[in-house]
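Take a look at the structure below.
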There are 4 protein chains.
Amino acid sequence: MTAPIRLWDKGAPLDALVHSFTVGDDPTLDLALVPHDCIASAAHARTLHKAGLLSASDLTALLSGLREIHAAALAGRFTISPEQEDGHTAIEAALTAALGDAGRRIHAGRSRNDQVAAAMRLYLRSEVLRVHERVSSLIDAILARIDADGAIPLPGYTHMQPAMPSSIGQWLAAHAEALLDELSAALDVLRRLDTCPLGTGAGFGVALPLDRGFTAALLGFSRVQRSAPDVQNRRGRFELLAARLAADCGAVVEKFAWDALLYSAPEYGFLSLPESLTTGSSIMPQKRNPDVVELLRARAARLRARPAELEWIIAKLPSSYHRDLQLTKEPVIRAVHDIGEMLTVAREVVLRFEIHPERIAAAMRPELYATDAAYERVRGGAPFREAYLDVAKSLRDGTFRPPTQSASAIRPDLVAPDQLAAMREELQALRQQAGEWAARFAKAEQAALHDPAP
Amino acid sequence: MTAPIRLWDKGAPLDALVHSFTVGDDPTLDLALVPHDCIASAAHARTLHKAGLLSASDLTALLSGLREIHAAALAGRFTISPEQEDGHTAIEAALTAALGDAGRRIHAGRSRNDQVAAAMRLYLRSEVLRVHERVSSLIDAILARIDADGAIPLPGYTHMQPAMPSSIGQWLAAHAEALLDELSAALDVLRRLDTCPLGTGAGFGVALPLDRGFTAALLGFSRVQRSAPDVQNRRGRFELLAARLAADCGAVVEKFAWDALLYSAPEYGFLSLPESLTTGSSIMPQKRNPDVVELLRARAARLRARPAELEWIIAKLPSSYHRDLQLTKEPVIRAVHDIGEMLTVAREVVLRFEIHPERIAAAMRPELYATDAAYERVRGGAPFREAYLDVAKSLRDGTFRPPTQSASAIRPDLVAPDQLAAMREELQALRQQAGEWAARFAKAEQAALHDPAP
Amino acid sequence: MTAPIRLWDKGAPLDALVHSFTVGDDPTLDLALVPHDCIASAAHARTLHKAGLLSASDLTALLSGLREIHAAALAGRFTISPEQEDGHTAIEAALTAALGDAGRRIHAGRSRNDQVAAAMRLYLRSEVLRVHERVSSLIDAILARIDADGAIPLPGYTHMQPAMPSSIGQWLAAHAEALLDELSAALDVLRRLDTCPLGTGAGFGVALPLDRGFTAALLGFSRVQRSAPDVQNRRGRFELLAARLAADCGAVVEKFAWDALLYSAPEYGFLSLPESLTTGSSIMPQKRNPDVVELLRARAARLRARPAELEWIIAKLPSSYHRDLQLTKEPVIRAVHDIGEMLTVAREVVLRFEIHPERIAAAMRPELYATDAAYERVRGGAPFREAYLDVAKSLRDGTFRPPTQSASAIRPDLVAPDQLAAMREELQALRQQAGEWAARFAKAEQAALHDPAP
Amino acid sequence: MTAPIRLWDKGAPLDALVHSFTVGDDPTLDLALVPHDCIASAAHARTLHKAGLLSASDLTALLSGLREIHAAALAGRFTISPEQEDGHTAIEAALTAALGDAGRRIHAGRSRNDQVAAAMRLYLRSEVLRVHERVSSLIDAILARIDADGAIPLPGYTHMQPAMPSSIGQWLAAHAEALLDELSAALDVLRRLDTCPLGTGAGFGVALPLDRGFTAALLGFSRVQRSAPDVQNRRGRFELLAARLAADCGAVVEKFAWDALLYSAPEYGFLSLPESLTTGSSIMPQKRNPDVVELLRARAARLRARPAELEWIIAKLPSSYHRDLQLTKEPVIRAVHDIGEMLTVAREVVLRFEIHPERIAAAMRPELYATDAAYERVRGGAPFREAYLDVAKSLRDGTFRPPTQSASAIRPDLVAPDQLAAMREELQALRQQAGEWAARFAKAEQAALHDPAP
């Protein structure tokens, strides 16, 4: 957040107030959208040319102008002034300044309404792919850690009470499985995003002979978003899908972070965090604090406010465009930024926490094996409820002995090699699917912007 | 909600208080899960038998007992007493009462933790299919209405200001498109739900030689949910997917309801609601009130609190089972019930609202055609920004004339026949996919419960 | 929640569907409002009589009829049929059935809109007082526990790392202080609720010479809610104040519950919960689970969804009455019911947890005194930052020794007697204020319903 | 929001990543807190001196240093480097750089934990007063508008259907009444904020003889926040009170904005917005769009996400300080900034909308008087239900005539002079109370920072 300027607090004149109020943070936020807008604009220009509404030389000029803005934006050299209000206007202004009339022709057949929807759609799909990539890396780290330390035992808890034997591997694998499911979810989001809004204008279509399927194909979309009002009705809802994905990934990280905080509390002492991931206290000289992991938990909590923010803004509005929709940009931009940071940091925590097997061993008390003992009786033919009562009695009267484990015993506390293999295979498959989307997008976007005018 | 009993207010003894507090509304809520629990229990019993842990005669007895409970539950004859606490206990109690030792054997190799997860998974997939069906019916109604009245004009608004020409068809088609996307989303949810949690016990696996793949196949699942802790870590998250689906469908209905309320306000007068969908006032004799449509909007608003409720309950907990998870049942049961009711009522509104073309015609003012006029100039070669300024000037000085429409003119305000055809085709394809899921589930569940013991 | 009837699922006729959809759960929910509606109706009848719009004999008859309904409702004998739709109609119907024309006169000068607002206002103020009482009882229990065990040491944690010496008393007193602040908040809510909506009709006033100040005084309100549209505009907002109060009290209970769960985990072992507050496992014979405390945490989480539900329903609506507002009743009724149960159960936990001083003693490691050691140096004249570095060094090189405690030493880890006295005094003062409100309400309501007609 | 730096995306080294992740936006956000921290630090220094822990010359030096930082911060000249992490560290660093050992003595007897709580408490009370002032100004504007145009009629709607006669004054007065209630709420928040957290250290008190009552009095607080752990337990909850206040004020503005949008839609045409408060379209030359009012609605919606964000961060944590609490600053800083802007803009809308009495007159149809007609019969002795049915019949058969209005008739549709007078009186009283708080704070803060050392 930029420091509040508080025009309203200083008796600024009305037009400055109104301008600042309506522009909001767009000049900053839109920087994230500018490169995508350039690509969408290039596709739009090509479509205008195909429809005979833009000459070959104007197209060539516009493409070259858009490439320059694209490069400047990626390099952090493109700026949007408060007077320009938003990135879309800034691009058109830059084109017109550079090219004259050609610049004044680019907005034919579109409105800021479908322009921003298109730029946002491209932005979202690229960010969802980035989240996919980061989640995949985090799973890699978890699987590597299971390879290294998976067989180290760990008490399994329910109700925060020791319940049954478990292992470092079984604990970590659960988080990896949850993340694999989020990779699937990310692909579902990509499928939902895969329609092109360009050519729907302000929300009621455009009375020009634009080939919308051509535009969609140029941008690597599978199909057009057919209904023009639908494009505006659903502003914010695609953002919501991405923000929920971020929050859901955050929820997995949060649970891991809570576990790490508990297990590294001195009372548990199963794990500890290296100095690089802890900080000191301003008043207590003896302390090393797990701030990084606490902030993973806190960021996950905060992330949940982003989809809520989006829903508040878009809910309970009649059909079509309302200016309210302007506010849908910030929450999703922040959400995908935050989850990227969190996944990267979480990966470091997964790779670097230290395990203290001796503290764990002391915690693997005999009672953890009570259920196994009941099952031993079940394997011998006893009805489960009888076996259960029997073991309970032996625990109460102090005669309980954990069953001795034969080599052939079933060990549900360990991650079975075939589970690990299946996870790796699934990760591989999901990564490949994401890779195919990424390749399709990259190829189309490269061509839309950089291919010479036909 | 049942009327509050308020034991706490009447000085009840501690054990009654604690019992009532921990049991909560489970005896009522679990009625929705009992039929699904019977089916899952039948599959579990077959798996125990396959593992040699249950005799053929015990299996036969259990299956017969489960069939009886299943039938009683469907007929509304099965009850859960507060002493039994929940449906899982009530089923086991009924089996044990009827069958003795065989009943005491059914809980071997499972815990209430995986039992409830399995029953809920079956419940959710059946409810998601039901939502799919209701959404499909609502789309049918919209498409039928477009067939009948789609070409009737309607002003298109942005910022609630008349903007461009539109039509009844274009307005309605946007909602149908949004609903088609929710049908896709529902199928995504089904895919996410498609793993079997049985055999993971309390959250750390089961030391018995149970063939989890066999159980999964019996219940029509594509695969097992591999990780045992993951099953408990994600309690509430599958419910969240279904609750979000309900809320998202609700959001489409909400937007349509808002439109209907506006357009049937006397100031617009484009539509009216038939007497069967309006009610009277307790104080104003002249009024007919659109309560039904207002309640569609309000129910959609309320629906958004259900995923939030779920997230509050499951968020910020360390791994594994906590009793907190008990509270995840109610919000999703209410969410799917509410959206079912809403979709049914919305369908009636779509089919029955009356259109007042004469009121609409009066609202189709010339200014709606200003953009078309600008595009006419663009087709003639003018840069868009010039055309735009030109038309703006003609509007200001009163010389504006709407362009005359030739037969060959592009009419983006109408739903093109190929859009309608594409929507019907997409609906058909989505319905068929849902049908395949439904058939798979029905066949498996029928066999799991009713096939004779091997 | 009553079991879903699912008319919509069974092809019920339209009018049954619409009726069920619009009536919702009102016949059950309104039972909580009926006694309050009777009292408000009695005051309204007296006001009609004062205005010359109701004869003395009609008033006498109505008062007697309302007393009967009031008594029946309190005894659980009054029912609302689905045909009557809501409690307000049921009361009028019962009066008309019993009294004929007199019953038909009671609705003059009011609308269901101000009638329900008045009944809800009376309900809310009585429930807020009940919450006040339960919170006070919980504070009593905490203070009693501090008296008994406050001096027992406890490690003080920050970042879940041992930080400084603390005590059972200091830990518990923090929760009592937070609850004292909620008692203040409850009184603030009472002040906000203290305006009478009767006499504002459907939202634009009533063209009858009703003395609104008289009605307000009869019901024990300090003043009228002046603006008629404001009464409808703020439907749901008074409910929101009460629901937030419930959620805020829940948040205090939640933090205490989390602490109790941690401290009673075997790794901490500072506390344990008695058998009466724990339950067994369906699969693990050795376990006692802290379900009651987990459910305190979960209920607190769930409570936060109630204000959110209210806000979703009332947000983003234009002025005046909309049928949406009907849905504002349930969330607040559930919220105040739930917090009542939680406060009662939390009190039992506070009174009954057992303390294990030997486990605590083992956890009071020397490093907890590092800050004290730094302060000792500060008292000797060292700049704090130097003292801090000095102690940090002694900890690193193993030469650290906790400062010996003289009898005169400052002991911030203990609850000072004057803090305890101040808390008791504050509690006493807040209780007295609540008592004055309660007495005012009781006296007015008793007179409004039971005084003979003038 | 500053443009995302995305260290995590560029393979930055671990310590840079961790630093950036833990520091977050604090260097920007804390600028809002620095002036308040200086004042609290001055009071803390005076308390250290009183305790004999700081010499008179060190105190004099520290006060002078703090005055300089305070002035620099107000002038926008104080900066916080990312290395310094937060404002508290930056202040201490600046003092130490300027004063040497004296700077190193300021942190004795406090922790960043109580330091930030104190700075935030001062910030919040000053911002709550600012909100109070802006709300008061908005009420002024509404009352002025009622004076000017209050008697102009307006249809009164329920269910968005014309219901009864109303007026511009009655419509506006409802919003003013709601805002008056928020002024009360703001004073309640000030009372809740009125305790001093300084002297509680990291959360378990300070073993130095600090006179906490002296510090509290220096800062203009009525009392100390007694319990040290309570200070950390309730981090975020004071912020929540302020954020809810902002959201609640926003909700009033939202309802007014919705009304203004509806009434200025051409179908209603009752109002219009001046050019200074509307903007043009990028594609439709004829349009003037009410963006300002739409953004008031959207900002109000967004504001509701701030308390939710706060609650997510602070919920479900055990007692005492966790690093999670760092994230509580941003949502409340944004909330109070946003509501300030909104209230200022809303005031302009209230003062500047134009009224079109002729359009309103056309909408004042006879049926609006149906309830009045029924009441006329009631005044003549008819039971209300009979009168109601009678009027309903006359409306159906076309014989209905509005009652003629005598000069003496009751006119609930107008704002009565005594209502207006009562509102002005209430506003005056509330303003005076706020003024007394403001004066108390200003005097204390001025003295704490600027009085010479004793």
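Letters A, B, ... mark the chains of the structure tokens in the order given; residue numbers begin at 1 per chain; ligand numbers begin at 1, in order shown.
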
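Of the residues in region 231-358 of chain C, those that DSSP places in strand (DSSP E) on the basis of the backbone are C:Leu271, C:Ser272, C:Glu354, C:Ile355.
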
Proximity of region 222-305 of chain A to region 396-417 of chain B: per-residue shortest pair, 12 Å limit, only C-alpha atoms, as a Markdown table:
```
| residue | atom | partner | partner_atom | distance |
| --- | --- | --- | --- | --- |
| A:Arg226 | CA | B:Val415 | CA | 9.6 |
| A:Ser227 | CA | B:Val415 | CA | 8.3 |
| A:Ala228 | CA | B:Pro412 | CA | 8.6 |
| A:Pro229 | CA | B:Asp413 | CA | 10.0 |
```

Could you dump the residues just selected with C-alpha atoms as a PDB file, in the first residue's frame?
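Saved to part.pdb:
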```pdb
ATOM      1  CA  ARG A 226     -20.027 -16.240 -26.365  1.00  0.00           C
ATOM      2  CA  SER A 227     -22.349 -13.893 -24.507  1.00  0.00           C
ATOM      3  CA  ALA A 228     -21.414 -10.216 -24.343  1.00  0.00           C
ATOM      4  CA  PRO A 229     -23.352  -9.366 -21.149  1.00  0.00           C
TER       5      PRO A 229
END
```

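Using only C-alpha atoms, the part of chain B that sits within 6 Å of chain C is made up of Met1, Thr2, Trp8, Ser111, Ile283, Asp291, Glu294, Leu295, Ala298, Ala301, Arg302, Ala305, Glu309, Trp312, Ile313, Arg323, Asp324 and Glu341 of chain B.
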
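Excluding region 176-178 of chain C itself and same-chain residues fewer than 5 positions from it, the residues having an atom within 10 Å of it are C:Val135, C:Ser136, C:Leu138, C:Ile139, C:Asp140, C:Ala141, C:Ile142, C:Leu143, C:Gln170, C:Trp171, C:Leu183, C:Asp248, C:Cys249, C:Ala251, C:Val252, C:Val253, C:Met423, C:Glu426, C:Leu427, D:Gln225, D:Arg226, D:Ser227, D:Pro229, D:Asp230, D:Val231, D:Asn233, D:Arg234, counting only C-alpha atoms.
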
Coordinates-based distance that separates CA of Ala242 (chain A) from CA of Ile339 (chain A) (Å, one decimal):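 Distance between the two atoms: 10.7 Å.
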
Considering only alpha helix (DSSP H) as DSSP defines it on the backbone, what residues of region 213-331 of chain A qualify? List them as a PyMOL selection string. chain A and resi 213-218+228-233+237-264+291-303+305-314+329-331

Requested write-out: C-alpha atoms of the selected residues, as a PDB file, in the first residue's frame:
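Listed below is the output, selection.pdb:
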```
ATOM      1  CA  GLY A 213     -12.872 -16.859 -33.125  1.00  0.00           C
ATOM      2  CA  PHE A 214      -9.799 -15.517 -34.903  1.00  0.00           C
ATOM      3  CA  THR A 215      -8.951 -13.262 -31.955  1.00  0.00           C
ATOM      4  CA  ALA A 216      -9.447 -16.120 -29.519  1.00  0.00           C
ATOM      5  CA  ALA A 217      -7.165 -18.405 -31.492  1.00  0.00           C
ATOM      6  CA  LEU A 218      -4.503 -15.711 -31.773  1.00  0.00           C
ATOM      7  CA  ALA A 228     -21.414 -10.216 -24.343  1.00  0.00           C
ATOM      8  CA  PRO A 229     -23.352  -9.366 -21.149  1.00  0.00           C
ATOM      9  CA  ASP A 230     -21.941 -12.514 -19.556  1.00  0.00           C
ATOM     10  CA  VAL A 231     -18.431 -11.052 -19.887  1.00  0.00           C
ATOM     11  CA  GLN A 232     -19.389  -8.138 -17.655  1.00  0.00           C
ATOM     12  CA  ASN A 233     -21.706 -10.160 -15.396  1.00  0.00           C
ATOM     13  CA  ARG A 237     -15.745 -14.296 -10.832  1.00  0.00           C
ATOM     14  CA  PHE A 238     -12.666 -15.469 -12.741  1.00  0.00           C
ATOM     15  CA  GLU A 239     -10.606 -13.456 -10.286  1.00  0.00           C
ATOM     16  CA  LEU A 240     -12.477 -15.256  -7.530  1.00  0.00           C
ATOM     17  CA  LEU A 241     -11.433 -18.649  -8.894  1.00  0.00           C
ATOM     18  CA  ALA A 242      -7.772 -17.634  -8.792  1.00  0.00           C
ATOM     19  CA  ALA A 243      -8.081 -16.026  -5.363  1.00  0.00           C
ATOM     20  CA  ARG A 244      -9.743 -19.136  -3.961  1.00  0.00           C
ATOM     21  CA  LEU A 245      -7.007 -21.285  -5.434  1.00  0.00           C
ATOM     22  CA  ALA A 246      -4.458 -19.104  -3.676  1.00  0.00           C
ATOM     23  CA  ALA A 247      -6.365 -19.293  -0.406  1.00  0.00           C
ATOM     24  CA  ASP A 248      -6.742 -23.071  -0.700  1.00  0.00           C
ATOM     25  CA  CYS A 249      -3.024 -23.544  -1.304  1.00  0.00           C
ATOM     26  CA  GLY A 250      -2.492 -21.230   1.639  1.00  0.00           C
ATOM     27  CA  ALA A 251      -4.654 -23.454   3.810  1.00  0.00           C
ATOM     28  CA  VAL A 252      -2.352 -26.412   3.143  1.00  0.00           C
ATOM     29  CA  VAL A 253       0.684 -24.325   4.006  1.00  0.00           C
ATOM     30  CA  GLU A 254      -1.099 -23.095   7.130  1.00  0.00           C
ATOM     31  CA  LYS A 255      -1.692 -26.594   8.444  1.00  0.00           C
ATOM     32  CA  PHE A 256       1.931 -27.520   7.827  1.00  0.00           C
ATOM     33  CA  ALA A 257       3.041 -24.311   9.539  1.00  0.00           C
ATOM     34  CA  TRP A 258       0.885 -25.040  12.591  1.00  0.00           C
ATOM     35  CA  ASP A 259       2.381 -28.528  12.777  1.00  0.00           C
ATOM     36  CA  ALA A 260       5.901 -27.141  12.490  1.00  0.00           C
ATOM     37  CA  LEU A 261       5.202 -24.591  15.229  1.00  0.00           C
ATOM     38  CA  LEU A 262       3.866 -27.255  17.558  1.00  0.00           C
ATOM     39  CA  TYR A 263       6.524 -29.844  16.848  1.00  0.00           C
ATOM     40  CA  SER A 264       9.279 -27.255  17.288  1.00  0.00           C
ATOM     41  CA  ASP A 291       8.556 -15.763  12.912  1.00  0.00           C
ATOM     42  CA  VAL A 292       8.811 -17.125   9.405  1.00  0.00           C
ATOM     43  CA  VAL A 293       6.526 -20.033  10.155  1.00  0.00           C
ATOM     44  CA  GLU A 294       4.135 -17.886  12.174  1.00  0.00           C
ATOM     45  CA  LEU A 295       3.903 -15.530   9.225  1.00  0.00           C
ATOM     46  CA  LEU A 296       3.135 -18.437   6.914  1.00  0.00           C
ATOM     47  CA  ARG A 297       0.155 -19.141   9.136  1.00  0.00           C
ATOM     48  CA  ALA A 298      -0.822 -15.480   9.309  1.00  0.00           C
ATOM     49  CA  ARG A 299      -0.488 -14.932   5.584  1.00  0.00           C
ATOM     50  CA  ALA A 300      -2.689 -17.961   4.959  1.00  0.00           C
ATOM     51  CA  ALA A 301      -5.281 -16.447   7.256  1.00  0.00           C
ATOM     52  CA  ARG A 302      -5.051 -13.114   5.489  1.00  0.00           C
ATOM     53  CA  LEU A 303      -5.352 -14.755   2.097  1.00  0.00           C
ATOM     54  CA  ALA A 305      -9.919 -12.241   3.087  1.00  0.00           C
ATOM     55  CA  ARG A 306      -9.161 -11.795  -0.625  1.00  0.00           C
ATOM     56  CA  PRO A 307     -11.921 -13.987  -2.053  1.00  0.00           C
ATOM     57  CA  ALA A 308     -14.236 -12.479   0.555  1.00  0.00           C
ATOM     58  CA  GLU A 309     -13.242  -8.989  -0.618  1.00  0.00           C
ATOM     59  CA  LEU A 310     -13.951  -9.980  -4.210  1.00  0.00           C
ATOM     60  CA  GLU A 311     -17.324 -11.435  -3.349  1.00  0.00           C
ATOM     61  CA  TRP A 312     -18.346  -8.357  -1.396  1.00  0.00           C
ATOM     62  CA  ILE A 313     -17.551  -6.178  -4.391  1.00  0.00           C
ATOM     63  CA  ILE A 314     -19.308  -8.223  -7.052  1.00  0.00           C
ATOM     64  CA  LYS A 329      -8.246  -6.081  -9.569  1.00  0.00           C
ATOM     65  CA  GLU A 330      -6.419  -5.488  -6.336  1.00  0.00           C
ATOM     66  CA  PRO A 331      -7.538  -8.474  -4.267  1.00  0.00           C
TER      67      PRO A 331
END
```

Closest of C:Arg192, C:His356, C:Arg385, C:Arg223 to Thr96 (chain D), counting only C-alpha atoms, is C:Arg385

Near Pro209 (chain B), counting only C-alpha atoms, which residues have an atom at most 9 Å away, once you skip same-chain residues fewer than 6 positions from it, shown as a PyMOL selection string? (chain A and resi 410) or (chain B and resi 48+51-52)

Output all heavy atoms of each residue in that selection to a file, as a PDB file, in the first residue's frame.
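Saved file again11.pdb follows:
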```
ATOM      1  N   ILE A 410       1.847 -55.510   8.917  1.00  0.00           N
ATOM      2  CA  ILE A 410       1.379 -54.371   8.131  1.00  0.00           C
ATOM      3  C   ILE A 410       1.823 -53.098   8.830  1.00  0.00           C
ATOM      4  O   ILE A 410       1.638 -52.958  10.035  1.00  0.00           O
ATOM      5  CB  ILE A 410      -0.153 -54.432   8.015  1.00  0.00           C
ATOM      6  CG1 ILE A 410      -0.544 -55.710   7.260  1.00  0.00           C
ATOM      7  CG2 ILE A 410      -0.702 -53.194   7.332  1.00  0.00           C
ATOM      8  CD1 ILE A 410      -2.019 -56.008   7.344  1.00  0.00           C
TER       9      ILE A 410
ATOM     10  N   LEU B  48     -13.985 -56.614   4.601  1.00  0.00           N
ATOM     11  CA  LEU B  48     -13.572 -57.433   5.752  1.00  0.00           C
ATOM     12  C   LEU B  48     -13.664 -58.924   5.401  1.00  0.00           C
ATOM     13  O   LEU B  48     -12.793 -59.719   5.762  1.00  0.00           O
ATOM     14  CB  LEU B  48     -14.472 -57.141   6.961  1.00  0.00           C
ATOM     15  CG  LEU B  48     -14.249 -55.815   7.704  1.00  0.00           C
ATOM     16  CD1 LEU B  48     -15.298 -55.653   8.812  1.00  0.00           C
ATOM     17  CD2 LEU B  48     -12.839 -55.743   8.307  1.00  0.00           C
ATOM     18  N   ALA B  51     -10.902 -60.056   3.283  1.00  0.00           N
ATOM     19  CA  ALA B  51      -9.644 -60.165   4.044  1.00  0.00           C
ATOM     20  C   ALA B  51      -9.666 -61.336   5.018  1.00  0.00           C
ATOM     21  O   ALA B  51      -8.719 -61.528   5.787  1.00  0.00           O
ATOM     22  CB  ALA B  51      -9.399 -58.864   4.809  1.00  0.00           C
ATOM     23  N   GLY B  52     -10.774 -62.075   5.004  1.00  0.00           N
ATOM     24  CA  GLY B  52     -10.856 -63.205   5.920  1.00  0.00           C
ATOM     25  C   GLY B  52     -11.184 -62.802   7.339  1.00  0.00           C
ATOM     26  O   GLY B  52     -10.994 -63.572   8.285  1.00  0.00           O
TER      27      GLY B  52
END
```

When you look at Pro357 (chain A) with a cut-off of 9 Å (counting only C-alpha atoms), what residues show up, excluding the ones that are within fewer than 3 positions of it in the same chain? I need them as a PyMOL selection string. chain A and resi 152-154+270-271+360-362

Would you save the residues of that selection, restricted to all heavy atoms, as a JSON list (two decimals), in the first residue's frame?
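After the write, result_18.json holds the following:
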```json
[["chain", "number", "residue", "atom", "x", "y", "z"],
["A", 152, "ILE", "N", 11.54, -42.02, 9.82],
["A", 152, "ILE", "CA", 11.67, -41.64, 11.24],
["A", 152, "ILE", "C", 10.28, -41.62, 11.86],
["A", 152, "ILE", "O", 9.35, -41.04, 11.30],
["A", 152, "ILE", "CB", 12.34, -40.25, 11.35],
["A", 152, "ILE", "CG1", 13.74, -40.31, 10.76],
["A", 152, "ILE", "CG2", 12.36, -39.78, 12.80],
["A", 152, "ILE", "CD1", 14.44, -38.96, 10.70],
["A", 153, "PRO", "N", 10.13, -42.29, 13.01],
["A", 153, "PRO", "CA", 8.78, -42.35, 13.59],
["A", 153, "PRO", "C", 8.31, -40.99, 14.11],
["A", 153, "PRO", "O", 9.10, -40.06, 14.25],
["A", 153, "PRO", "CB", 8.93, -43.33, 14.76],
["A", 153, "PRO", "CG", 10.37, -43.58, 14.94],
["A", 153, "PRO", "CD", 11.12, -43.02, 13.78],
["A", 154, "LEU", "N", 7.03, -40.92, 14.36],
["A", 154, "LEU", "CA", 6.39, -39.71, 14.89],
["A", 154, "LEU", "C", 5.10, -40.18, 15.54],
["A", 154, "LEU", "O", 4.41, -41.03, 14.97],
["A", 154, "LEU", "CB", 6.06, -38.75, 13.74],
["A", 154, "LEU", "CG", 5.74, -37.29, 14.05],
["A", 154, "LEU", "CD1", 6.98, -36.54, 14.54],
["A", 154, "LEU", "CD2", 5.19, -36.60, 12.81],
["A", 270, "PHE", "N", 10.28, -32.15, 18.69],
["A", 270, "PHE", "CA", 10.53, -33.11, 17.61],
["A", 270, "PHE", "C", 11.38, -32.49, 16.51],
["A", 270, "PHE", "O", 12.15, -33.15, 15.84],
["A", 270, "PHE", "CB", 9.22, -33.60, 17.01],
["A", 270, "PHE", "CG", 8.29, -34.26, 17.98],
["A", 270, "PHE", "CD1", 6.94, -34.41, 17.67],
["A", 270, "PHE", "CD2", 8.75, -34.76, 19.19],
["A", 270, "PHE", "CE1", 6.07, -35.04, 18.54],
["A", 270, "PHE", "CE2", 7.88, -35.40, 20.09],
["A", 270, "PHE", "CZ", 6.54, -35.52, 19.76],
["A", 271, "LEU", "N", 11.15, -31.20, 16.28],
["A", 271, "LEU", "CA", 11.83, -30.50, 15.18],
["A", 271, "LEU", "C", 12.47, -29.24, 15.73],
["A", 271, "LEU", "O", 12.12, -28.77, 16.81],
["A", 271, "LEU", "CB", 10.81, -30.06, 14.11],
["A", 271, "LEU", "CG", 9.78, -31.04, 13.62],
["A", 271, "LEU", "CD1", 8.86, -30.33, 12.62],
["A", 271, "LEU", "CD2", 10.47, -32.23, 12.97],
["A", 360, "ILE", "N", 11.69, -37.57, 19.73],
["A", 360, "ILE", "CA", 10.53, -38.30, 19.20],
["A", 360, "ILE", "C", 10.45, -39.68, 19.85],
["A", 360, "ILE", "O", 9.37, -40.12, 20.28],
["A", 360, "ILE", "CB", 10.64, -38.44, 17.67],
["A", 360, "ILE", "CG1", 10.54, -37.05, 17.01],
["A", 360, "ILE", "CG2", 9.56, -39.36, 17.15],
["A", 360, "ILE", "CD1", 10.75, -37.06, 15.51],
["A", 361, "ALA", "N", 11.60, -40.36, 19.93],
["A", 361, "ALA", "CA", 11.59, -41.72, 20.47],
["A", 361, "ALA", "C", 10.99, -41.73, 21.87],
["A", 361, "ALA", "O", 10.18, -42.61, 22.21],
["A", 361, "ALA", "CB", 13.02, -42.28, 20.49],
["A", 362, "ALA", "N", 11.33, -40.70, 22.65],
["A", 362, "ALA", "CA", 10.80, -40.65, 24.01],
["A", 362, "ALA", "C", 9.29, -40.49, 24.02],
["A", 362, "ALA", "O", 8.62, -40.80, 25.00],
["A", 362, "ALA", "CB", 11.47, -39.50, 24.78]]
```
